[in-house]
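Peer 1: Pasting target-v9.txt below, which is compact mmCIF, C-alpha atoms.
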```txt
# COMPACT_ATOMS: atom_id res chain seq x y z
CA MET A 1 -49.13 71.94 -46.79
CA LEU A 2 -51.70 71.77 -49.55
CA LEU A 3 -55.35 71.34 -48.70
CA THR A 4 -58.32 70.37 -50.77
CA ALA A 5 -60.82 73.07 -51.63
CA PRO A 6 -62.62 74.23 -48.46
CA ASP A 7 -66.31 73.60 -47.85
CA CYS A 8 -67.26 77.09 -48.96
CA PHE A 9 -66.40 76.08 -52.55
CA SER A 10 -69.17 75.01 -54.84
CA SER A 11 -69.13 71.25 -55.29
CA SER A 12 -70.80 71.46 -58.68
CA HIS A 13 -68.65 70.82 -61.73
CA LEU A 14 -70.42 73.59 -63.58
CA PRO A 15 -68.39 76.80 -63.89
CA PHE A 16 -69.04 79.27 -61.07
CA ALA A 17 -72.21 77.34 -60.32
CA SER A 18 -72.89 78.74 -56.85
CA ILE A 19 -74.08 82.10 -58.16
CA LYS A 20 -75.32 81.51 -61.65
CA ASN A 21 -76.02 85.12 -62.55
CA SER A 22 -72.49 86.24 -61.63
CA THR A 23 -70.76 88.30 -64.32
CA ALA A 24 -67.64 86.13 -64.19
CA ALA A 25 -69.75 82.98 -64.30
CA VAL A 26 -71.51 84.14 -67.44
CA ILE A 27 -68.19 84.97 -69.09
CA LEU A 28 -66.70 81.55 -68.34
CA LYS A 29 -69.81 79.69 -69.48
CA ARG A 30 -69.88 81.73 -72.65
CA PHE A 31 -66.21 80.91 -73.26
CA ARG A 32 -66.84 77.16 -73.00
CA LEU A 33 -69.92 77.23 -75.20
CA ASN A 34 -68.33 79.48 -77.81
CA SER A 35 -65.38 77.14 -78.27
CA VAL A 36 -67.71 74.84 -80.23
CA SER A 37 -69.37 77.52 -82.34
CA GLN A 38 -66.03 79.17 -83.09
CA THR A 39 -64.74 75.89 -84.46
CA ARG A 40 -67.69 75.71 -86.82
CA THR A 41 -67.25 79.24 -88.10
CA SER A 42 -63.46 79.03 -88.59
CA ARG A 43 -62.89 81.74 -86.02
CA ARG A 44 -60.09 81.63 -83.46
CA LEU A 45 -59.97 78.17 -81.90
CA CYS A 46 -59.64 77.45 -78.20
CA ARG A 47 -56.48 75.38 -77.80
CA ALA A 48 -57.06 74.44 -74.17
CA SER A 49 -60.24 74.15 -72.12
CA LEU A 50 -60.31 75.81 -68.73
CA ILE A 51 -60.65 73.79 -65.53
CA THR A 52 -63.82 75.00 -63.81
CA SER A 53 -64.35 72.59 -60.91
CA PRO A 54 -62.98 73.54 -57.48
CA ASP A 55 -62.54 69.81 -56.81
CA SER A 56 -59.77 69.83 -59.42
CA PHE A 57 -57.55 72.10 -57.31
CA GLU A 58 -55.66 71.97 -54.02
CA VAL A 59 -55.06 75.23 -52.19
CA GLY A 60 -51.78 75.99 -50.43
CA ARG A 61 -50.52 78.85 -48.29
CA LEU A 62 -51.48 82.49 -48.58
CA ILE A 63 -48.75 84.36 -50.48
CA GLY A 64 -49.99 87.89 -49.91
CA SER A 65 -52.53 90.50 -50.92
CA TYR A 66 -52.59 93.78 -52.77
CA GLY A 67 -54.89 96.51 -54.00
CA PHE A 68 -55.36 97.70 -57.56
CA MET A 69 -54.33 101.13 -58.76
CA ASN A 70 -56.25 102.68 -61.63
CA ILE A 71 -54.48 105.33 -63.71
CA THR A 72 -56.53 108.48 -64.17
CA SER A 73 -54.05 110.88 -65.76
CA TYR A 74 -50.39 111.65 -66.38
CA SER A 75 -48.59 114.69 -65.02
CA GLY A 76 -45.37 114.60 -67.00
CA LEU A 77 -41.85 113.89 -65.83
CA ARG A 78 -42.02 116.05 -62.74
CA ASP A 79 -41.10 115.00 -59.22
CA ILE A 80 -40.58 111.41 -60.27
CA GLU A 81 -40.05 109.07 -57.38
CA TYR A 82 -37.65 106.39 -58.53
CA SER A 83 -38.18 104.17 -55.53
CA SER A 84 -38.98 100.57 -54.90
CA GLY A 85 -42.43 101.19 -53.44
CA ASP A 86 -44.77 98.34 -52.67
CA LEU A 87 -46.95 98.96 -55.69
CA GLY A 88 -44.05 99.54 -58.06
CA ARG A 89 -45.67 102.66 -59.43
CA LEU A 90 -44.01 105.88 -60.58
CA GLY A 91 -44.95 109.25 -59.14
CA VAL A 92 -45.80 110.66 -62.56
CA GLN A 93 -49.00 108.64 -62.65
CA ASP A 94 -52.00 110.14 -60.92
CA VAL A 95 -53.70 107.09 -59.52
CA GLY A 96 -56.74 106.25 -57.48
CA GLU A 97 -56.86 103.17 -55.30
CA GLY A 98 -60.00 101.13 -55.51
CA SER A 99 -61.62 99.17 -52.72
CA VAL A 100 -60.91 95.79 -54.32
CA LYS A 101 -58.24 93.82 -52.44
CA ILE A 102 -56.80 90.73 -54.09
CA ARG A 103 -55.43 87.68 -52.26
CA LEU A 104 -52.84 85.31 -53.73
CA TYR A 105 -52.46 81.63 -52.82
CA GLU A 106 -50.16 78.84 -53.88
CA GLY A 107 -51.80 75.68 -55.15
CA ARG A 108 -51.74 72.86 -57.65
CA ILE A 109 -54.02 70.90 -59.93
CA ALA A 110 -55.24 67.74 -58.22
CA GLN A 111 -56.96 65.88 -61.08
CA GLY A 112 -56.78 65.28 -64.81
CA PRO A 113 -53.94 65.39 -67.33
CA LEU A 114 -52.39 68.45 -65.65
CA LYS A 115 -52.35 66.83 -62.20
CA GLY A 116 -49.46 68.12 -60.10
CA THR A 117 -49.06 71.36 -62.04
CA SER A 118 -48.30 74.27 -59.71
CA VAL A 119 -50.70 77.19 -59.89
CA MET A 120 -51.16 80.57 -58.30
CA PHE A 121 -54.68 81.54 -57.26
CA LYS A 122 -55.80 85.13 -57.63
CA VAL A 123 -58.84 85.66 -55.43
CA TYR A 124 -61.32 88.47 -55.98
CA PRO A 125 -63.66 89.23 -53.06
CA GLY A 126 -67.37 88.62 -53.40
CA GLN A 127 -69.82 91.40 -54.12
CA ARG A 128 -70.67 91.80 -50.43
CA THR A 129 -67.03 92.70 -49.73
CA GLY A 130 -65.70 94.14 -52.98
CA GLY A 131 -68.93 95.27 -54.60
CA ILE A 132 -69.86 94.81 -58.24
CA GLU A 133 -66.46 96.23 -59.25
CA ALA A 134 -64.67 93.10 -57.99
CA ASP A 135 -66.93 90.83 -60.02
CA MET A 136 -66.45 92.95 -63.12
CA MET A 137 -62.68 93.01 -62.72
CA ALA A 138 -62.56 89.22 -62.38
CA ALA A 139 -64.78 88.81 -65.43
CA ASN A 140 -62.69 91.24 -67.47
CA GLU A 141 -59.44 89.48 -66.58
CA LEU A 142 -60.93 86.06 -67.29
CA ASN A 143 -62.36 87.23 -70.60
CA ALA A 144 -59.06 88.81 -71.68
CA HIS A 145 -57.04 85.67 -70.97
CA ALA A 146 -59.64 83.36 -72.51
CA PHE A 147 -59.62 85.45 -75.68
CA LEU A 148 -55.82 85.72 -75.92
CA GLN A 149 -55.34 82.00 -75.22
CA SER A 150 -57.78 81.17 -78.02
CA SER A 151 -55.54 82.76 -80.64
CA SER A 152 -54.70 80.70 -83.70
CA LYS A 153 -51.12 81.91 -83.21
CA GLY A 154 -50.86 79.85 -80.02
CA LEU A 155 -49.95 80.89 -76.49
CA CYS A 156 -47.61 83.82 -75.93
CA GLN A 157 -44.69 82.90 -73.66
CA ASN A 158 -44.66 86.45 -72.29
CA LEU A 159 -48.18 86.32 -70.83
CA VAL A 160 -49.20 84.34 -67.75
CA VAL A 161 -51.43 81.36 -68.54
CA LEU A 162 -54.91 81.03 -67.09
CA VAL A 163 -55.70 77.36 -66.41
CA GLY A 164 -59.10 77.70 -64.79
CA GLY A 165 -61.39 79.40 -62.36
CA PHE A 166 -64.44 78.98 -60.17
CA GLU A 167 -66.68 80.83 -57.76
CA THR A 168 -67.20 79.99 -54.09
CA LYS A 169 -70.54 79.93 -52.29
CA THR A 170 -69.58 83.23 -50.68
CA GLY A 171 -69.24 84.82 -54.13
CA GLU A 172 -65.44 84.99 -54.30
CA GLN A 173 -63.94 84.60 -57.77
CA TRP A 174 -60.87 82.33 -57.87
CA LEU A 175 -58.72 82.50 -61.00
CA ALA A 176 -55.97 79.88 -61.31
CA PHE A 177 -52.81 80.72 -63.26
CA ARG A 178 -49.92 78.44 -64.09
CA SER A 179 -47.17 79.23 -61.61
CA ASP A 180 -44.23 80.53 -63.64
CA GLY A 181 -42.50 82.57 -60.96
CA LYS A 182 -42.93 84.09 -57.52
CA TYR A 183 -41.24 87.43 -58.05
CA SER A 184 -42.22 90.51 -60.02
CA ALA A 185 -40.00 93.07 -61.72
CA ALA A 186 -40.78 95.35 -58.75
CA ASP A 187 -39.46 92.70 -56.35
CA TYR A 188 -36.28 92.30 -58.41
CA ALA A 189 -35.69 96.05 -58.59
CA LYS A 190 -36.36 96.49 -54.89
CA LEU A 191 -33.96 93.73 -53.83
CA THR A 192 -31.24 94.97 -56.18
CA SER A 193 -31.63 98.59 -55.11
CA GLU A 194 -31.60 97.70 -51.42
CA LYS A 195 -28.41 95.68 -51.93
CA ILE A 196 -26.74 98.72 -53.52
CA SER A 197 -27.86 100.90 -50.59
CA LYS A 198 -26.60 98.37 -48.05
CA ASN A 199 -23.19 98.16 -49.71
CA HIS A 200 -22.88 101.94 -49.85
CA SER A 201 -23.94 102.33 -46.22
CA ALA A 202 -21.38 99.77 -45.12
CA GLY A 203 -18.71 101.37 -47.27
CA GLU A 204 -18.31 98.15 -49.21
CA SER A 205 -16.98 98.23 -52.73
CA SER A 206 -15.18 95.62 -54.74
CA TRP A 207 -11.45 96.21 -55.11
CA ASN A 208 -11.65 94.16 -58.28
CA ARG A 209 -12.78 96.55 -61.03
CA PHE A 210 -13.17 93.66 -63.47
CA GLU A 211 -15.56 91.89 -61.07
CA THR A 212 -17.62 95.06 -60.62
CA GLU A 213 -17.86 95.56 -64.38
CA GLN A 214 -18.96 91.92 -64.87
CA ILE A 215 -21.75 92.40 -62.31
CA LEU A 216 -22.93 95.51 -64.13
CA LYS A 217 -22.77 93.75 -67.50
CA CYS A 218 -24.95 90.93 -66.14
CA ARG A 219 -27.39 93.45 -64.69
CA ARG A 220 -27.64 95.40 -67.94
CA TYR A 221 -28.30 92.24 -69.90
CA PHE A 222 -30.88 91.06 -67.34
CA VAL A 223 -32.77 94.39 -67.33
CA ILE A 224 -32.81 94.68 -71.11
CA LYS A 225 -34.07 91.11 -71.47
CA LEU A 226 -36.71 91.80 -68.81
CA PHE A 227 -37.91 94.87 -70.69
CA GLN A 228 -37.77 93.06 -74.02
CA GLY A 229 -39.97 90.26 -72.69
CA ALA A 230 -42.49 92.71 -71.23
CA MET A 231 -42.69 94.52 -74.57
CA SER A 232 -43.14 91.22 -76.43
CA GLY A 233 -46.13 90.42 -74.25
CA LEU A 234 -47.53 93.90 -74.84
CA ALA A 235 -46.98 93.65 -78.61
CA TYR A 236 -48.86 90.33 -78.63
CA MET A 237 -51.78 91.93 -76.80
CA HIS A 238 -51.89 94.89 -79.18
CA ASP A 239 -51.70 92.56 -82.18
CA HIS A 240 -54.83 90.90 -80.77
CA ASP A 241 -56.67 94.21 -80.14
CA ARG A 242 -56.17 94.25 -76.37
CA LEU A 243 -54.67 96.98 -74.20
CA HIS A 244 -53.08 96.21 -70.85
CA GLN A 245 -53.80 99.55 -69.10
CA SER A 246 -52.17 98.54 -65.83
CA LEU A 247 -48.58 98.05 -66.92
CA GLY A 248 -45.91 98.55 -64.29
CA PRO A 249 -43.11 96.61 -62.57
CA SER A 250 -45.59 94.81 -60.31
CA SER A 251 -47.45 93.44 -63.34
CA VAL A 252 -44.37 91.73 -64.83
CA ILE A 253 -43.74 88.30 -63.28
CA LEU A 254 -40.28 86.68 -63.54
CA ASN A 255 -39.25 83.04 -63.46
CA THR A 256 -35.87 84.03 -61.96
CA ILE A 257 -34.31 87.10 -60.36
CA VAL A 258 -30.76 85.70 -60.48
CA GLU A 259 -28.88 87.96 -62.87
CA LYS A 260 -26.41 85.26 -63.87
CA ASP A 261 -29.38 83.19 -65.10
CA ALA A 262 -30.52 85.91 -67.50
CA ALA A 263 -30.28 83.48 -70.43
CA TYR A 264 -33.20 81.57 -68.91
CA LEU A 265 -35.27 84.63 -67.95
CA VAL A 266 -38.87 84.68 -69.24
CA PRO A 267 -40.83 87.77 -68.17
CA ARG A 268 -44.63 87.45 -68.31
CA LEU A 269 -47.33 90.10 -68.10
CA ARG A 270 -50.16 89.62 -65.61
CA ASP A 271 -52.97 91.73 -64.09
CA LEU A 272 -55.28 92.08 -67.09
CA SER A 273 -58.30 93.14 -65.03
CA PHE A 274 -58.25 96.61 -66.64
CA SER A 275 -57.59 95.29 -70.14
CA VAL A 276 -59.51 97.06 -72.90
CA ASP A 277 -60.85 95.59 -76.15
CA ILE A 278 -59.84 97.98 -78.97
CA SER A 279 -61.25 96.05 -81.90
CA PHE A 280 -63.06 98.45 -84.23
CA GLN A 281 -66.35 96.64 -83.66
CA ASN A 282 -66.06 97.10 -79.90
CA LEU A 283 -65.00 100.74 -80.19
CA GLU A 284 -68.07 101.46 -82.28
CA GLU A 285 -70.55 99.47 -80.18
CA ASP A 286 -69.35 99.07 -76.58
CA PRO A 287 -66.65 101.34 -75.08
CA GLY A 288 -66.14 98.96 -72.15
CA THR A 289 -66.51 99.15 -68.39
CA PHE A 290 -63.00 100.19 -67.37
CA SER A 291 -62.16 102.45 -70.30
CA GLU A 292 -64.01 105.66 -69.45
CA GLY A 293 -60.88 107.39 -68.17
CA LEU A 294 -58.89 106.23 -71.19
CA TRP A 295 -61.37 107.68 -73.66
CA ARG A 296 -61.60 110.94 -71.70
CA ARG A 297 -57.83 111.31 -72.10
CA ALA A 298 -58.18 110.36 -75.75
CA ALA A 299 -60.77 113.07 -76.33
CA ALA A 300 -58.57 115.62 -74.55
CA ALA A 301 -55.75 114.65 -76.93
CA GLY A 302 -57.99 115.06 -79.99
CA ALA A 303 -58.71 111.37 -80.64
CA PHE A 304 -62.41 110.89 -81.46
CA THR A 305 -62.84 108.39 -84.29
CA PRO A 306 -62.46 104.64 -83.64
CA MET A 307 -59.13 104.61 -85.49
CA GLU A 308 -57.81 107.61 -83.53
CA LYS A 309 -58.99 106.12 -80.22
CA ARG A 310 -57.33 102.81 -81.03
CA ALA A 311 -54.05 104.57 -81.83
CA PHE A 312 -54.31 106.59 -78.61
CA GLY A 313 -54.94 103.46 -76.53
CA ILE A 314 -51.88 101.71 -77.95
CA ALA A 315 -49.78 104.84 -77.41
CA ASP A 316 -51.08 105.04 -73.82
CA ASP A 317 -49.79 101.53 -73.12
CA VAL A 318 -46.45 102.44 -74.72
CA TYR A 319 -46.23 105.48 -72.42
CA GLU A 320 -46.69 103.19 -69.41
CA ALA A 321 -43.99 100.91 -70.83
CA GLY A 322 -41.68 103.93 -71.07
CA LEU A 323 -42.27 104.61 -67.39
CA LEU A 324 -41.42 100.96 -66.73
CA LEU A 325 -38.08 101.40 -68.53
CA ALA A 326 -37.35 104.55 -66.50
CA TYR A 327 -38.22 102.68 -63.31
CA LEU A 328 -35.91 99.79 -64.17
CA ALA A 329 -33.06 102.18 -64.94
CA PHE A 330 -33.36 104.41 -61.89
CA VAL A 331 -34.22 101.76 -59.31
CA THR A 332 -32.22 98.73 -60.42
CA PHE A 333 -28.96 100.66 -60.89
CA CYS A 334 -29.35 103.12 -58.00
CA GLU A 335 -29.92 103.25 -54.28
CA ALA A 336 -33.42 102.73 -52.93
CA ASN A 337 -35.76 105.66 -52.28
CA ARG A 338 -34.02 108.09 -54.58
CA LEU A 339 -36.12 111.10 -55.54
CA LEU A 340 -35.45 112.83 -58.84
CA GLU A 341 -36.90 116.32 -58.39
CA SER A 342 -36.97 117.58 -61.94
CA THR A 343 -38.94 120.30 -63.65
CA PHE A 344 -37.51 119.37 -67.05
CA ARG A 345 -40.77 117.71 -68.03
CA LEU A 346 -39.82 115.65 -71.10
CA ASP A 347 -36.44 117.30 -71.75
CA LEU A 348 -34.43 114.13 -71.18
CA GLN A 349 -31.13 115.73 -72.20
CA ALA A 350 -31.50 118.18 -69.33
CA THR A 351 -32.55 115.30 -67.08
CA ARG A 352 -29.40 113.40 -68.06
CA GLU A 353 -27.19 116.37 -67.16
CA TYR A 354 -29.00 116.69 -63.85
CA CYS A 355 -28.39 113.02 -63.06
CA LEU A 356 -24.71 113.24 -63.97
CA ALA A 357 -24.24 115.68 -61.10
CA ASP A 358 -25.26 112.97 -58.61
CA ASP A 359 -22.83 110.04 -58.33
CA ARG A 360 -25.58 107.85 -56.94
CA LEU A 361 -27.45 108.11 -60.27
CA LEU A 362 -24.36 107.57 -62.42
CA GLU A 363 -24.90 103.88 -63.22
CA ALA A 364 -28.45 104.57 -64.39
CA VAL A 365 -27.09 107.25 -66.73
CA LYS A 366 -24.41 104.87 -68.02
CA PHE A 367 -27.07 102.23 -68.66
CA LEU A 368 -29.19 104.61 -70.74
CA ASP A 369 -26.02 105.95 -72.42
CA LEU A 370 -25.33 102.56 -74.02
CA GLY A 371 -25.12 102.73 -77.80
CA GLU A 372 -24.41 106.45 -77.81
CA GLY A 373 -27.49 107.29 -75.79
CA ALA A 374 -29.83 104.67 -77.25
CA GLY A 375 -31.68 104.29 -73.95
CA TRP A 376 -32.39 108.01 -73.69
CA GLU A 377 -33.43 108.04 -77.33
CA LEU A 378 -35.94 105.25 -76.71
CA LEU A 379 -37.28 106.89 -73.55
CA GLN A 380 -37.75 110.18 -75.39
CA ALA A 381 -39.79 108.44 -78.08
CA MET A 382 -41.95 106.38 -75.70
CA LEU A 383 -42.68 109.35 -73.42
CA ASN A 384 -43.37 111.79 -76.23
CA PRO A 385 -46.23 114.10 -75.15
CA ASP A 386 -47.72 113.74 -78.63
CA PHE A 387 -49.28 110.26 -78.66
CA GLN A 388 -49.08 110.16 -82.47
CA GLN A 389 -45.28 110.36 -82.29
CA ARG A 390 -44.81 107.40 -79.94
CA PRO A 391 -43.60 104.10 -81.44
CA ILE A 392 -45.76 100.99 -81.43
CA ALA A 393 -44.70 98.09 -79.20
CA GLU A 394 -43.16 96.15 -82.09
CA ALA A 395 -40.96 99.13 -83.00
CA VAL A 396 -39.80 99.34 -79.36
CA ILE A 397 -38.81 95.66 -79.48
CA ASN A 398 -36.80 96.24 -82.66
CA HIS A 399 -35.07 99.37 -81.34
CA ARG A 400 -31.32 98.86 -80.99
CA PHE A 401 -31.50 99.39 -77.22
CA THR A 402 -34.21 96.79 -76.57
CA ALA A 403 -32.81 94.35 -79.15
CA GLY A 404 -29.55 94.23 -77.18
CA ALA A 405 -27.36 95.57 -79.96
CA VAL A 406 -25.91 98.07 -77.47
CA LEU A 407 -24.47 95.34 -75.23
```
Translate this file's structure into structure tokens.

Peer 2:
Amino acid sequence: MLLTAPDCFSSSHLPFASIKNSTAAVILKRFRLNSVSQTRTSRRLCRASLITSPDSFEVGRLIGSYGFMNITSYSGLRDIEYSSGDLGRLGVQDVGEGSVKIRLYEGRIAQGPLKGTSVMFKVYPGQRTGGIEADMMAANELNAHAFLQSSSKGLCQNLVVLVGGFETKTGEQWLAFRSDGKYSAADYAKLTSEKISKNHSAGESSWNRFETEQILKCRRYFVIKLFQGAMSGLAYMHDHDRLHQSLGPSSVILNTIVEKDAAYLVPRLRDLSFSVDISFQNLEEDPGTFSEGLWRRAAAAGAFTPMEKRAFGIADDVYEAGLLLAYLAFVTFCEANRLLESTFRLDLQATREYCLADDRLLEAVKFLDLGEGAGWELLQAMLNPDFQQRPIAEAVINHRFTAGAVL
């Protein structure tokens, strides 16, 4: 049952009016005011104004909650846990969990031309609970979406759409996104992997080899289209001077997880709270709040100038996308909670031979073997230890594996 906004919401129609000096409030106000000045100066135009009154929304049931993981370093392809963990993260990422806990609610727009539109609320705790970090994360995510949605190229179908936001009297930041799916790529991989494990445990296998092959063909097509959509969203962000910096299976939302409906699948990137502005002006003037770790890694890799740092940031996102591809291969096509204990580092040929010795990893190997090893070839490029040798997102999209030419 949907309810109107509770009493703790600000009744003012001004954006985030209850705490006027809030970081997120300032960002949203600036976005609305700048839409006029940008029109006058022929800069990127805002194609849709954000809804900023809590009275315009109805709040439904609590969907769940989760914490954010911030990547601090990479440790190579060693001891990779290809499992369907709750956070959908790979073991190769050294991560630190922050204190900010996010809540998700169903809802809908109650007033105006978009009345009845389903939304998903992403709720950041107030400063008293989540500290200044929560406010900054909300502001960064709001700013990233507002900027990307103001592009003269129009909205990207592979990014979630922010429709509005407001602040409660208790200081919580509520961001409202158009509801384009309930499940993430991590949910899809987990369900698929658990189904494989259940069938193996029960000794079930289809006697019809043709039927089994059709299921695998559907799965391959679904996974490649999922990855292609995620990369399209990432390429759009990079083309607009924005890094994602939190890319993983949990940050890819899906409008369907039915493999037979792959033709209608539209993956969308979410979780832009750690997004980084890599425009040359920003790199020269303001490194950004959440980018300290990124630029430390850049310096360690020999990237110091704005151009080198920009290239490193893009390559860093592509590395994360490579881990996403590995996750999709070794979770979606294998049993749950498989652990690949490898000391091959980035020697993927040796990794392939290792996997061939385990029948439970065979379908993942076959998937990456498509097109005479096109999947392995792409993984090798995306996970190259030399950031300068990694492909850009657009090149990944056009690779024969991602483009579907191998199917």

Peer 1: Hey, which of A:Val119, A:Gln388, A:Ile51, A:Phe333 ends up closest to Glu194 of chain A? Count only C-alpha atoms.

Peer 2: A:Phe333

Peer 1: Identify which of the residues A:Ser179, A:Thr402, A:Ser232, A:Gln111 lies closest to Gly371 of chain A, counting only C-alpha atoms when measuring atom-to-atom distances.

Peer 2: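 With only C-alpha atoms as the atom set, the closest residue is A:Thr402.
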
Peer 1: Could you state the separation of atom CA of Glu377 of chain A and atom CA of Ala364 of chain A in Å, given to one decimal place?

Peer 2: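 Spanning atom CA of Glu377 of chain A to atom CA of Ala364 of chain A is a straight-line distance of 14.3 Å.
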
Peer 1: Nearest residue to Trp376 of chain A out of A:Leu348, A:Ile196, A:Ala403, A:Ala134, using all atoms listed in the file?

Peer 2: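 Nearest candidate to Trp376 of chain A out of A:Leu348, A:Ile196, A:Ala403, A:Ala134: A:Leu348.
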
Peer 1: Identify which of the residues A:Phe227, A:Phe290, A:Phe401, A:Phe57 lies closest to Ala176 of chain A, counting only C-alpha atoms when measuring atom-to-atom distances.

Peer 2: A:Phe57

Peer 1: From the list A:Ala186, A:Cys334, A:Leu283, A:Leu142, which residue is nearest Thr305 of chain A when using all atoms listed in the file?

Peer 2: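 Nearest to Thr305 of chain A: A:Leu283.
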
Peer 1: Between atom CA of Asn199 of chain A and atom CA of Val331 of chain A, what distance in Å does the model show, to one decimal?

Peer 2: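 Separating atom CA of Asn199 of chain A from atom CA of Val331 of chain A is a distance of 15.1 Å.
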
Peer 1: If we count all atoms listed in the file, what is near Arg128 of chain A at a cut-off of 10 Å, once residues fewer than 3 positions away on the same chain are taken out, given as a list of chain:residue names?

Peer 2: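 Once the nearby chain positions are removed, what remains is A:Pro125, A:Gly131, A:Ile132, A:Ala134, A:Thr170, A:Gly171, A:Glu172.
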
Peer 1: Just the number, please: distance in Å from atom CA of Ala315 of chain A to atom CA of Ala298 of chain A, one decimal.

Peer 2: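 Interatomic distance, atom CA of Ala315 of chain A to atom CA of Ala298 of chain A: 10.2 Å.
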
Peer 1: Mind listing as number ranges by chain all residues within 12 Å of (-42.6, 81.0, -78.8), counting only C-alpha atoms?

Peer 2: A: 153-159, 229, 232-233, 236, 266

Peer 1: Give the answer as one residue: which of A:Ile253, A:Val365, A:Leu272, A:Glu372 has the shortest atom-to-atom distance to Asp187 of chain A, using only C-alpha atoms?

Peer 2: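 Selected residue with least distance to Asp187 of chain A: A:Ile253.
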
Peer 1: Which residues are close to Met137 of chain A, i.e. within 8 Å by only C-alpha atoms, leaving aside same-chain residues fewer than 4 positions away? Reply as a PyMOL selection string.

Peer 2: chain A and resi 133+141+273-274

Peer 1: Show me, as a ChimeraX atom specification, the residues that have an atom within 9 Å of Phe387 of chain A when counting all atoms listed in the file, minus same-chain residues fewer than 3 positions from it.

Peer 2: /A:301,311-312,314-316,319,382-384,390-391

Peer 1: Could you give me, as a CSV table (one decimal) with C-alpha atoms, in the coordinates of the input, the residues that have an atom at most 10 Å away from the point (-47.1, 84.3, -64.6) in the coordinates of the file, using all atoms listed in the file?

Peer 2:
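Once everything was written out, this is part.csv:
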```
chain,number,residue,atom,x,y,z
A,119,VAL,CA,-50.7,77.2,-59.9
A,120,MET,CA,-51.2,80.6,-58.3
A,157,GLN,CA,-44.7,82.9,-73.7
A,158,ASN,CA,-44.7,86.4,-72.3
A,159,LEU,CA,-48.2,86.3,-70.8
A,160,VAL,CA,-49.2,84.3,-67.8
A,161,VAL,CA,-51.4,81.4,-68.5
A,162,LEU,CA,-54.9,81.0,-67.1
A,177,PHE,CA,-52.8,80.7,-63.3
A,178,ARG,CA,-49.9,78.4,-64.1
A,179,SER,CA,-47.2,79.2,-61.6
A,180,ASP,CA,-44.2,80.5,-63.6
A,181,GLY,CA,-42.5,82.6,-61.0
A,182,LYS,CA,-42.9,84.1,-57.5
A,183,TYR,CA,-41.2,87.4,-58.0
A,184,SER,CA,-42.2,90.5,-60.0
A,251,SER,CA,-47.4,93.4,-63.3
A,252,VAL,CA,-44.4,91.7,-64.8
A,253,ILE,CA,-43.7,88.3,-63.3
A,254,LEU,CA,-40.3,86.7,-63.5
A,255,ASN,CA,-39.2,83.0,-63.5
A,266,VAL,CA,-38.9,84.7,-69.2
A,267,PRO,CA,-40.8,87.8,-68.2
A,268,ARG,CA,-44.6,87.4,-68.3
A,269,LEU,CA,-47.3,90.1,-68.1
A,270,ARG,CA,-50.2,89.6,-65.6
A,271,ASP,CA,-53.0,91.7,-64.1
```

Peer 1: Find the axis-aligned box for segment 185-194 of chain A, covering all its listed atoms and adding 8 Å on each side, and write its centre and edge lengths in Å to one decimal as lines of an AutoDock Vina configuration file.

Peer 2:
```
center_x = -36.0
center_y = 95.4
center_z = -56.6
size_x = 25.5
size_y = 22.3
size_z = 26.3
```
